[in-house]
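The data block below is query_0.cif; it holds mmCIF, C-alpha atoms.
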data_entry
loop_
_atom_site.label_atom_id
_atom_site.label_comp_id
_atom_site.auth_asym_id
_atom_site.auth_seq_id
_atom_site.Cartn_x
_atom_site.Cartn_y
_atom_site.Cartn_z
CA MET A 59 -70.67 99.65 -183.76
CA THR A 60 -72.97 98.97 -180.94
CA GLN A 61 -72.40 96.27 -178.43
CA THR A 62 -75.16 94.38 -176.70
CA LYS A 63 -74.69 93.73 -173.02
CA LYS A 64 -74.64 90.03 -172.37
CA PRO A 65 -76.32 88.79 -169.19
CA LYS A 66 -74.00 87.35 -166.62
CA PRO A 67 -73.63 83.57 -166.96
CA GLY A 68 -76.05 81.79 -164.64
CA ALA A 69 -78.11 84.90 -163.83
CA LYS A 70 -81.18 83.57 -165.62
CA ASP A 71 -80.82 80.18 -163.93
CA ALA A 72 -80.56 81.83 -160.51
CA LYS A 73 -83.74 83.82 -161.13
CA SER A 74 -85.53 80.71 -162.36
CA ASN A 75 -84.40 78.77 -159.29
CA SER A 76 -85.57 81.58 -157.03
CA THR A 77 -89.04 81.51 -158.61
CA ILE A 78 -89.24 77.75 -158.24
CA TRP A 79 -88.35 77.98 -154.55
CA TRP A 80 -91.01 80.67 -154.05
CA ILE A 81 -93.62 78.39 -155.66
CA VAL A 82 -92.49 75.30 -153.76
CA GLY A 83 -92.47 77.21 -150.49
CA GLY A 84 -95.92 78.63 -151.15
CA VAL A 85 -97.43 75.25 -152.02
CA VAL A 86 -95.87 73.53 -148.99
CA GLY A 87 -96.95 76.36 -146.69
CA LEU A 88 -100.50 76.31 -148.03
CA GLY A 89 -100.62 72.52 -147.66
CA LEU A 90 -99.60 72.77 -144.02
CA ILE A 91 -102.24 75.42 -143.37
CA VAL A 92 -104.97 73.32 -145.03
CA ALA A 93 -103.91 70.26 -142.99
CA LEU A 94 -103.97 72.31 -139.81
CA ALA A 95 -107.40 73.75 -140.63
CA MET A 96 -108.79 70.27 -141.29
CA SER A 97 -107.30 68.85 -138.09
CA ILE A 98 -108.76 71.68 -135.98
CA ALA A 99 -112.22 71.23 -137.52
CA GLY A 100 -112.02 67.46 -137.62
CA GLU A 101 -114.20 66.88 -134.58
CA GLU A 102 -117.25 64.64 -134.46
CA PRO A 103 -120.26 66.11 -136.29
CA VAL A 104 -122.51 67.99 -133.87
CA ASP A 105 -126.19 67.14 -133.52
CA ALA A 106 -127.81 69.62 -135.92
CA SER A 107 -131.00 69.82 -133.81
CA ILE A 108 -129.25 71.37 -130.79
CA GLY A 109 -130.59 74.84 -130.06
CA TYR A 110 -133.88 74.31 -131.88
CA GLY A 111 -137.34 73.32 -130.70
CA GLU A 112 -140.53 72.20 -132.41
CA PRO A 113 -143.09 74.79 -131.36
CA THR A 114 -146.58 74.86 -132.79
CA VAL A 115 -148.28 78.14 -133.58
CA THR A 116 -152.04 78.65 -134.02
CA GLY A 117 -153.87 81.83 -134.91
CA ASP A 118 -153.24 84.68 -137.30
CA PRO A 119 -149.69 86.07 -137.45
CA LEU A 120 -149.01 89.65 -136.41
CA PRO A 121 -147.71 91.93 -139.18
CA VAL A 122 -143.98 92.59 -139.30
CA TYR A 123 -142.90 95.24 -136.79
CA ALA A 124 -141.59 98.49 -138.24
CA ALA A 125 -139.60 100.64 -135.85
CA GLY A 126 -140.55 104.31 -135.84
CA GLN A 127 -143.99 103.68 -137.31
CA GLU A 128 -147.34 103.24 -135.67
CA ASP A 129 -147.76 99.58 -134.75
CA VAL A 130 -150.91 98.53 -136.57
CA SER A 131 -150.89 95.21 -134.74
CA VAL A 132 -151.83 96.77 -131.38
CA GLY A 133 -155.22 95.39 -130.42
CA LEU A 134 -154.86 92.27 -132.55
CA THR A 135 -154.89 88.84 -130.95
CA ALA A 136 -151.43 87.29 -130.99
CA PRO A 137 -150.99 83.63 -131.97
CA THR A 138 -150.97 80.91 -129.36
CA VAL A 139 -147.66 79.08 -129.05
CA GLU A 140 -147.04 75.65 -127.60
CA GLY A 141 -143.35 75.02 -127.21
CA ALA A 142 -140.73 73.77 -124.84
CA ASP A 143 -137.39 74.75 -123.35
CA TRP A 144 -134.15 72.91 -124.13
CA GLU A 145 -134.92 70.24 -121.54
CA GLY A 146 -138.33 69.56 -123.03
CA ASN A 147 -140.34 71.33 -120.31
CA PRO A 148 -143.50 72.74 -121.92
CA VAL A 149 -143.80 76.52 -122.21
CA THR A 150 -146.87 78.14 -123.73
CA ILE A 151 -148.01 81.57 -124.80
CA GLU A 152 -151.79 81.40 -124.52
CA PRO A 153 -154.77 83.45 -123.37
CA ASP A 154 -154.69 82.19 -119.77
CA GLY A 155 -155.64 85.44 -118.07
CA THR A 156 -152.05 86.46 -117.17
CA PRO A 157 -150.48 89.47 -118.92
CA LYS A 158 -147.14 88.62 -120.50
CA ILE A 159 -143.95 90.24 -121.63
CA LEU A 160 -142.28 88.25 -124.37
CA VAL A 161 -138.62 88.79 -125.22
CA PHE A 162 -137.12 87.30 -128.36
CA LEU A 163 -133.36 86.68 -128.14
CA ALA A 164 -130.68 85.58 -130.60
CA HIS A 165 -127.52 84.03 -129.13
CA TRP A 166 -125.20 85.76 -131.63
CA CYS A 167 -126.72 89.22 -131.29
CA PRO A 168 -124.47 91.57 -129.28
CA HIS A 169 -127.48 93.65 -128.23
CA CYS A 170 -129.15 90.54 -126.79
CA GLN A 171 -125.90 89.58 -125.08
CA ALA A 172 -125.87 93.02 -123.47
CA GLU A 173 -129.57 93.02 -122.59
CA VAL A 174 -129.83 89.55 -121.00
CA PRO A 175 -127.81 90.38 -117.84
CA VAL A 176 -129.71 93.68 -117.53
CA ILE A 177 -133.05 91.84 -117.64
CA GLN A 178 -131.86 89.15 -115.23
CA ASP A 179 -130.57 91.70 -112.70
CA TRP A 180 -133.87 93.57 -113.04
CA VAL A 181 -135.78 90.34 -112.32
CA ASN A 182 -133.47 89.42 -109.44
CA ASP A 183 -134.10 92.82 -107.89
CA GLY A 184 -137.80 91.96 -107.69
CA ASN A 185 -139.01 94.34 -110.39
CA LEU A 186 -141.16 91.76 -112.19
CA PRO A 187 -144.54 91.72 -110.41
CA ASP A 188 -146.27 88.43 -109.71
CA ASP A 189 -149.21 89.31 -111.96
CA VAL A 190 -147.03 89.66 -115.08
CA GLU A 191 -145.21 86.77 -116.70
CA LEU A 192 -141.90 87.09 -118.56
CA ILE A 193 -141.40 84.51 -121.31
CA SER A 194 -138.38 84.36 -123.59
CA VAL A 195 -138.02 82.91 -127.08
CA ALA A 196 -134.59 81.74 -128.25
CA THR A 197 -134.74 82.39 -131.97
CA SER A 198 -132.57 82.86 -135.09
CA THR A 199 -130.31 80.11 -133.79
CA ASP A 200 -127.34 79.33 -136.00
CA ARG A 201 -124.69 76.80 -135.06
CA LEU A 202 -122.04 78.57 -137.14
CA ARG A 203 -122.50 81.88 -135.38
CA PRO A 204 -120.82 82.86 -132.11
CA ASN A 205 -122.13 82.09 -128.63
CA TRP A 206 -123.89 78.90 -129.72
CA PRO A 207 -125.90 77.10 -128.39
CA PRO A 208 -128.37 79.53 -126.79
CA GLN A 209 -129.05 77.32 -123.78
CA THR A 210 -125.41 77.43 -122.68
CA TRP A 211 -125.41 81.21 -122.94
CA LEU A 212 -128.68 81.58 -121.00
CA GLU A 213 -127.67 79.08 -118.32
CA GLU A 214 -124.36 80.88 -117.80
CA ALA A 215 -126.29 84.16 -117.48
CA GLY A 216 -128.45 82.60 -114.75
CA TRP A 217 -131.55 83.15 -116.90
CA THR A 218 -134.68 82.31 -114.93
CA ALA A 219 -137.51 83.15 -117.34
CA PRO A 220 -139.13 80.26 -119.21
CA VAL A 221 -137.64 79.77 -122.68
CA ILE A 222 -139.34 78.60 -125.84
CA MET A 223 -136.84 77.21 -128.33
CA ASP A 224 -137.85 78.44 -131.79
CA ASP A 225 -137.45 76.14 -134.78
CA GLN A 226 -135.01 76.44 -137.68
CA ILE A 227 -137.22 78.76 -139.71
CA GLY A 228 -138.07 80.90 -136.68
CA ILE A 229 -141.78 80.17 -136.80
CA VAL A 230 -142.55 81.88 -133.48
CA ALA A 231 -140.54 84.99 -134.32
CA GLY A 232 -142.12 85.12 -137.78
CA ASN A 233 -145.65 84.87 -136.40
CA TYR A 234 -144.98 87.69 -133.94
CA GLY A 235 -143.58 89.96 -136.69
CA MET A 236 -140.05 90.14 -135.28
CA ALA A 237 -137.84 92.51 -137.26
CA GLY A 238 -134.77 92.63 -135.04
CA THR A 239 -133.42 91.37 -131.76
CA PRO A 240 -133.93 91.82 -128.89
CA PHE A 241 -137.64 92.10 -129.57
CA TYR A 242 -140.36 92.64 -126.97
CA VAL A 243 -144.09 91.99 -127.19
CA VAL A 244 -146.56 92.85 -124.43
CA LEU A 245 -149.78 90.80 -124.26
CA ASP A 246 -152.77 91.08 -121.99
CA GLY A 247 -154.41 88.05 -120.41
CA ASP A 248 -156.41 87.41 -123.60
CA ASN A 249 -153.27 87.37 -125.77
CA THR A 250 -154.13 90.77 -127.20
CA ASN A 251 -151.07 92.63 -128.40
CA LEU A 252 -150.60 95.79 -126.33
CA GLY A 253 -147.34 96.88 -127.91
CA ARG A 254 -144.06 95.82 -129.44
CA VAL A 255 -140.57 97.27 -129.39
CA SER A 256 -137.21 96.24 -130.81
CA GLY A 257 -133.74 96.90 -129.42
CA GLU A 258 -132.10 97.37 -126.04
CA ILE A 259 -134.54 99.09 -123.70
CA GLY A 260 -132.80 98.77 -120.33
CA THR A 261 -134.50 98.76 -116.95
CA ALA A 262 -136.52 101.92 -117.60
CA GLY A 263 -137.99 100.32 -120.71
CA LEU A 264 -138.76 97.12 -118.81
CA ASP A 265 -140.62 99.13 -116.17
CA GLN A 266 -142.68 100.74 -118.93
CA LEU A 267 -143.54 97.34 -120.40
CA VAL A 268 -144.68 96.12 -116.99
CA ALA A 269 -146.86 99.20 -116.58
CA LEU A 270 -148.33 98.59 -120.04
CA ALA A 271 -149.03 94.94 -119.25
CA GLN A 272 -150.70 95.79 -115.95
CA SER A 273 -152.79 98.56 -117.48
CA GLY A 274 -154.17 96.24 -120.13
CA GLY A 275 -153.32 98.82 -122.74
CA GLY A 276 -155.70 101.38 -121.29
CA MET B 243 -122.69 72.67 -147.76
CA SER B 244 -122.37 70.97 -144.37
CA ALA B 245 -121.53 72.87 -141.21
CA GLU B 246 -118.38 70.76 -140.83
CA THR B 247 -117.13 71.86 -144.27
CA ILE B 248 -117.78 75.50 -143.48
CA LEU B 249 -115.90 75.11 -140.20
CA VAL B 250 -112.87 73.78 -142.12
CA PHE B 251 -112.91 76.88 -144.33
CA ASN B 252 -113.39 79.11 -141.29
CA ASN B 253 -110.25 77.59 -139.79
CA LEU B 254 -108.38 77.78 -143.08
CA PHE B 255 -109.06 81.47 -143.59
CA ALA B 256 -108.43 82.22 -139.92
CA ILE B 257 -105.00 80.57 -140.01
CA LEU B 258 -104.18 82.24 -143.33
CA THR B 259 -105.12 85.56 -141.75
CA LEU B 260 -102.82 85.01 -138.79
CA VAL B 261 -99.97 83.93 -141.09
CA ALA B 262 -100.53 86.97 -143.31
CA LEU B 263 -100.69 89.32 -140.34
CA GLY B 264 -97.49 87.81 -138.94
CA GLY B 265 -95.87 88.20 -142.35
CA ALA B 266 -96.88 91.85 -142.63
CA ILE B 267 -95.55 92.61 -139.15
CA GLY B 268 -92.36 90.69 -140.00
CA LEU B 269 -91.94 92.74 -143.17
CA LEU B 270 -92.33 96.00 -141.30
CA VAL B 271 -89.80 94.91 -138.67
CA TYR B 272 -87.42 93.76 -141.43
CA ARG B 273 -87.81 97.13 -143.11
CA ALA B 274 -87.09 98.93 -139.85
CA VAL B 275 -83.96 96.85 -139.23
CA LYS B 276 -82.58 96.68 -142.75
CA GLY B 277 -83.58 100.09 -144.01
CA PRO B 278 -84.20 100.80 -147.71
CA GLU B 279 -82.32 97.69 -148.85
CA ALA B 280 -85.15 95.61 -147.37
CA ALA B 281 -87.12 96.49 -150.50
CA THR B 282 -84.99 94.07 -152.50
CA LEU B 283 -86.41 91.13 -150.54
CA PHE B 284 -89.24 90.52 -152.98
CA GLY B 285 -88.28 92.57 -155.99
CA ASP B 286 -91.11 92.56 -158.48
CA LYS B 287 -92.62 89.49 -156.81
CA ALA B 288 -94.17 91.80 -154.21
CA ILE B 289 -96.88 92.76 -156.66
CA TRP B 290 -97.62 89.12 -157.45
CA LEU B 291 -97.92 88.39 -153.71
CA ALA B 292 -100.25 91.36 -153.29
CA PHE B 293 -102.33 90.02 -156.18
CA ALA B 294 -102.42 86.57 -154.52
CA VAL B 295 -103.72 88.12 -151.28
CA ALA B 296 -106.42 90.06 -153.15
CA LEU B 297 -107.37 86.94 -155.10
CA VAL B 298 -107.69 84.77 -151.98
CA ALA B 299 -109.75 87.49 -150.27
CA THR B 300 -112.03 87.86 -153.29
CA VAL B 301 -112.51 84.11 -153.75
CA GLY B 302 -113.07 83.70 -150.01
CA SER B 303 -115.63 86.48 -149.98
CA LEU B 304 -117.54 84.94 -152.88
CA LEU B 305 -117.29 81.51 -151.28
CA TYR B 306 -118.96 82.74 -148.11
CA SER B 307 -121.76 84.54 -149.91
CA GLU B 308 -122.43 82.25 -152.88
CA ALA B 309 -121.58 78.79 -151.49
CA PHE B 310 -122.10 79.19 -147.74
CA HIS B 311 -125.01 81.66 -148.16
CA TYR B 312 -123.77 84.29 -145.71
CA VAL B 313 -125.52 87.48 -146.79
CA PRO B 314 -123.02 90.36 -146.82
CA CYS B 315 -123.98 93.30 -144.61
CA ARG B 316 -123.73 96.94 -145.71
CA LEU B 317 -120.18 97.44 -144.41
CA CYS B 318 -119.10 94.10 -145.90
CA TRP B 319 -120.25 95.40 -149.29
CA PHE B 320 -118.13 98.53 -148.94
CA GLN B 321 -115.08 96.35 -148.25
CA ARG B 322 -115.89 94.20 -151.25
CA ILE B 323 -116.04 97.32 -153.40
CA ALA B 324 -112.44 98.04 -152.38
CA MET B 325 -111.11 94.48 -152.56
CA TYR B 326 -112.59 93.16 -155.82
CA PRO B 327 -111.03 95.78 -158.15
CA LEU B 328 -107.67 95.26 -156.44
CA THR B 329 -107.58 91.75 -157.89
CA ILE B 330 -107.77 93.09 -161.44
CA VAL B 331 -105.63 96.17 -160.91
CA LEU B 332 -102.82 94.21 -159.26
CA LEU B 333 -102.90 91.43 -161.85
CA VAL B 334 -102.58 93.88 -164.71
CA GLY B 335 -99.87 95.77 -162.85
CA ALA B 336 -97.96 92.56 -162.14
CA ILE B 337 -98.11 91.38 -165.75
CA ARG B 338 -97.05 94.75 -167.13
CA ARG B 339 -94.51 95.29 -164.31
CA GLU B 340 -95.66 98.85 -163.87
CA ALA B 341 -94.55 100.58 -160.69
CA VAL B 342 -97.40 103.03 -161.19
CA VAL B 343 -99.80 100.33 -160.05
CA ARG B 344 -99.16 101.47 -156.48
CA PHE B 345 -101.02 104.70 -157.22
CA TYR B 346 -104.11 102.68 -158.09
CA GLY B 347 -103.70 99.92 -155.51
CA LEU B 348 -102.75 101.81 -152.36
CA PRO B 349 -105.81 104.11 -152.22
CA LEU B 350 -108.15 101.14 -152.64
CA ALA B 351 -106.28 99.15 -149.97
CA LEU B 352 -106.25 102.04 -147.51
CA ILE B 353 -109.92 102.90 -148.05
CA GLY B 354 -110.80 99.22 -147.57
CA LEU B 355 -108.67 99.11 -144.43
CA ALA B 356 -110.43 102.16 -142.99
CA ILE B 357 -113.83 100.52 -143.54
CA SER B 358 -112.58 97.25 -142.02
CA ILE B 359 -111.33 99.08 -138.93
CA TYR B 360 -114.70 100.81 -138.56
CA HIS B 361 -116.55 97.50 -139.04
CA ASN B 362 -114.43 95.82 -136.35
CA PHE B 363 -115.06 98.82 -134.11
CA VAL B 364 -118.82 98.41 -134.64
CA GLN B 365 -118.58 94.77 -133.62
CA PHE B 366 -116.92 95.74 -130.36
CA PHE B 367 -119.30 98.67 -129.80
CA PRO B 368 -122.60 97.53 -131.40
CA SER B 369 -124.53 100.64 -130.34
CA LEU B 370 -122.70 102.54 -133.12
CA GLU B 371 -125.04 100.86 -135.61
CA GLY B 372 -128.29 101.12 -133.65
CA GLY B 373 -129.81 99.27 -130.74
CA SER B 374 -130.98 96.03 -132.29
CA CYS B 375 -129.77 93.27 -134.59
CA ASP B 376 -131.26 92.79 -138.02
CA PRO B 377 -131.85 89.02 -137.92
CA ALA B 378 -130.59 88.63 -141.50
CA VAL B 379 -127.58 90.90 -142.00
CA PRO B 380 -126.50 92.84 -138.93
CA CYS B 381 -123.24 94.75 -139.29
CA SER B 382 -122.78 94.72 -135.53
CA ALA B 383 -122.97 90.95 -135.06
CA ARG B 384 -120.19 88.57 -135.93
CA SER B 385 -120.95 86.04 -138.65
CA ILE B 386 -118.20 83.77 -137.40
CA GLU B 387 -115.87 83.98 -134.43
CA MET B 388 -112.47 82.34 -134.74
CA PHE B 389 -110.02 82.23 -131.84
CA GLY B 390 -112.50 84.27 -129.84
CA PHE B 391 -112.10 87.52 -131.76
CA MET B 392 -111.71 87.04 -135.51
CA ASP B 393 -114.57 87.67 -137.91
CA LEU B 394 -114.69 88.29 -141.66
CA PRO B 395 -114.02 92.07 -141.44
CA PHE B 396 -110.90 91.34 -139.40
CA MET B 397 -109.72 88.97 -142.14
CA ALA B 398 -110.48 91.60 -144.78
CA GLY B 399 -108.63 94.22 -142.77
CA VAL B 400 -105.53 92.04 -142.57
CA GLY B 401 -105.78 91.48 -146.33
CA PHE B 402 -105.80 95.22 -146.94
CA ILE B 403 -102.83 95.70 -144.57
CA VAL B 404 -100.76 93.01 -146.30
CA ILE B 405 -101.55 94.41 -149.75
CA ALA B 406 -100.62 97.94 -148.62
CA VAL B 407 -97.32 96.74 -147.12
CA LEU B 408 -96.44 94.72 -150.21
CA LEU B 409 -97.24 97.66 -152.47
CA ALA B 410 -94.96 99.83 -150.35
CA PHE B 411 -92.18 97.24 -150.73
CA TYR B 412 -92.78 97.05 -154.47
CA THR B 413 -92.51 100.78 -154.69
CA LYS B 414 -89.12 100.78 -153.07
CA ALA B 415 -87.86 97.87 -155.15
CA SER B 416 -88.75 99.53 -158.41
CA GLU B 417 -87.11 102.82 -157.69
#
Please rewrite the model in this file as structure tokens.
Amino acid sequence: MTQTKKPKPGAKDAKSNSTIWWIVGGVVGLGLIVALAMSIAGEEPVDASIGYGEPTVTGDPLPVYAAGQEDVSVGLTAPTVEGADWEGNPVTIEPDGTPKILVFLAHWCPHCQAEVPVIQDWVNDGNLPDDVELISVATSTDRLRPNWPPQTWLEEAGWTAPVIMDDQIGIVAGNYGMAGTPFYVVLDGDNTNLGRVSGEIGTAGLDQLVALAQSGGG
Amino acid sequence: MSAETILVFNNLFAILTLVALGGAIGLLVYRAVKGPEAATLFGDKAIWLAFAVALVATVGSLLYSEAFHYVPCRLCWFQRIAMYPLTIVLLVGAIRREAVVRFYGLPLALIGLAISIYHNFVQFFPSLEGGSCDPAVPCSARSIEMFGFMDLPFMAGVGFIVIAVLLAFYTKASE
């Protein structure tokens, strides 16, 4: 005759109670975390327009830049841009007779964060000649990404080049065929594209862009 | 979805990550102090907890891509490939109470953890993934930054760590 082993009295109740306490503890803990998350984020809504401008672009867009391939846009006339910096001071990219180096920067991009102090030191050391203008475009701005807003970042970096604040769709970057940041475009005095390059280029690269701008592409 | 709502979820997942990381460290310390008997702490609930972690990570991942419209980068996709199946594998293992589930779960968790570590490394040393940022989905740039250091791959990495630790505890408890 076989005997079945009876469970100890109360064992099932103890297990049931344990499960209930696990559930109660989990729900209470999650509730506290949600409350904490809401209290941390419960600040006043931020002005959604911060970090953006309202530039106007006229002219035909340059094709999208493709690294490692021949840039078919060299020799094409780049669009004219009328924009402003974060304080509303007008900044333009136009055929005014002065060769230009444009640099497109995104506040959240670690390569831009690394390149900005390099460029600024290079400028401070007097490497940017008077006959070449350096203009920056703050683009791809996103409030939810780190290092926002771009103006705070650039001010803290002591950035001295004029800045055009791109709009929410990145109209300036799009019209210049930007495919990555940082992104450089060299223009002659007639706004003709002499060359484009994407990525960190350092001081040696900046010197090459200056030489290209001064040579007029010749 | 408003930016304020997304910020609430950023905070929520960031705090959950810190709590989970603290819990995993606590478990390892408890194991070191108590020895093998520490495995009885959770019993077979360890696998349910591991499933809960995988579920929260999977739902969070889908929330960010489908509701908040963050496009996953290449390395994010590799981590998803490791995390998503864990949800199913651990659920089935928990329901069937099969200790063998650790043989399916642990490799996925450890592979996912390795990718997360590399992804975090890339964010600290961006030149590992080239010299420029793809404006849409750069692996080297942080999508969010909580507490000054925490991004989504860090959260995923903690998820993989917690799952691996819980699976190790489950293993001991079942033997």
Original post:
Which is closer to A:Val181 than all the others in A:Ala106, A:Val255, A:Ala219, A:Val132, using only C-alpha atoms?
Top reply: A:Ala219
Subject >> Given the PyMOL selection byres ((chain A and resi 84-99) around 12), the residues it picks as a VMD selection string >> reply: (chain A and resid 77 to 83 100 to 104) or (chain B and resid 245 to 262 291 294 298 388 to 389)
**OP:** Please provide the set of residues having any atom within 8 Å of stretch 341-358 of chain B, restricted to all atoms listed in the file, with same-chain residues fewer than 6 positions apart removed, written as a list in words.
**Re:** Leu317, Phe320, Gln321, Ala324, Met325, Leu328, Val331, Leu332, Gly335, Pro395, Phe396, Ala398, Gly399, Val400, Phe402, Ile403, Ile405, Ala406, Leu409, Ala410, Tyr412, Thr413 and Ser416 of chain B
**OP:** Within 7 Å of chain B, which residues of chain A are there when counting all atoms listed in the file? Please give them as a PyMOL selection string.
**Re:** chain A and resi 91-92+95-96+99+103+166-169+198+202-204+237-240+256-258
**OP:** Have a look at atom CA of B:Ala336 and atom CA of B:Ala299 and let me know their distance in Å, one decimal.
**Re:**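 Atom-to-atom, atom CA of B:Ala336 to atom CA of B:Ala299, that is 17.5 Å.
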Just add all heavy atoms to stretch 353-360 of chain B and send it as a short mmCIF file (atom, residue, chain, number, x, y, z; two decimals), keeping the file's coordinate frame.
data_model
loop_
_atom_site.label_atom_id
_atom_site.label_comp_id
_atom_site.auth_asym_id
_atom_site.auth_seq_id
_atom_site.Cartn_x
_atom_site.Cartn_y
_atom_site.Cartn_z
N ILE B 353 -108.49 102.64 -148.27
CA ILE B 353 -109.92 102.90 -148.05
C ILE B 353 -110.59 101.64 -147.48
O ILE B 353 -111.37 101.71 -146.53
CB ILE B 353 -110.60 103.32 -149.38
CG1 ILE B 353 -110.13 104.73 -149.77
CG2 ILE B 353 -112.13 103.28 -149.25
CD1 ILE B 353 -110.52 105.13 -151.19
N GLY B 354 -110.25 100.49 -148.08
CA GLY B 354 -110.80 99.22 -147.57
C GLY B 354 -110.40 98.99 -146.13
O GLY B 354 -111.22 98.55 -145.31
N LEU B 355 -109.15 99.30 -145.80
CA LEU B 355 -108.67 99.11 -144.43
C LEU B 355 -109.44 100.00 -143.46
O LEU B 355 -109.82 99.56 -142.36
CB LEU B 355 -107.17 99.42 -144.37
CG LEU B 355 -106.53 99.35 -142.98
CD1 LEU B 355 -106.69 97.95 -142.39
CD2 LEU B 355 -105.05 99.72 -143.05
N ALA B 356 -109.69 101.24 -143.87
CA ALA B 356 -110.43 102.16 -142.99
C ALA B 356 -111.83 101.62 -142.71
O ALA B 356 -112.31 101.66 -141.56
CB ALA B 356 -110.51 103.54 -143.65
N ILE B 357 -112.48 101.08 -143.74
CA ILE B 357 -113.83 100.52 -143.54
C ILE B 357 -113.76 99.27 -142.65
O ILE B 357 -114.61 99.07 -141.77
CB ILE B 357 -114.48 100.18 -144.89
CG1 ILE B 357 -114.63 101.45 -145.73
CG2 ILE B 357 -115.84 99.54 -144.69
CD1 ILE B 357 -114.94 101.19 -147.20
N SER B 358 -112.75 98.45 -142.85
CA SER B 358 -112.58 97.25 -142.02
C SER B 358 -112.39 97.63 -140.56
O SER B 358 -112.96 97.00 -139.66
CB SER B 358 -111.38 96.43 -142.47
OG SER B 358 -111.58 95.91 -143.74
N ILE B 359 -111.57 98.64 -140.32
CA ILE B 359 -111.33 99.08 -138.93
C ILE B 359 -112.65 99.55 -138.31
O ILE B 359 -112.98 99.19 -137.18
CB ILE B 359 -110.27 100.20 -138.90
CG1 ILE B 359 -108.90 99.62 -139.24
CG2 ILE B 359 -110.24 100.89 -137.54
CD1 ILE B 359 -107.82 100.66 -139.46
N TYR B 360 -113.41 100.34 -139.09
CA TYR B 360 -114.70 100.81 -138.56
C TYR B 360 -115.64 99.63 -138.28
O TYR B 360 -116.31 99.57 -137.25
CB TYR B 360 -115.35 101.79 -139.53
CG TYR B 360 -116.73 102.23 -139.09
CD1 TYR B 360 -116.89 103.06 -137.98
CD2 TYR B 360 -117.88 101.80 -139.75
CE1 TYR B 360 -118.15 103.44 -137.55
CE2 TYR B 360 -119.14 102.17 -139.32
CZ TYR B 360 -119.27 103.00 -138.22
OH TYR B 360 -120.52 103.36 -137.79
#
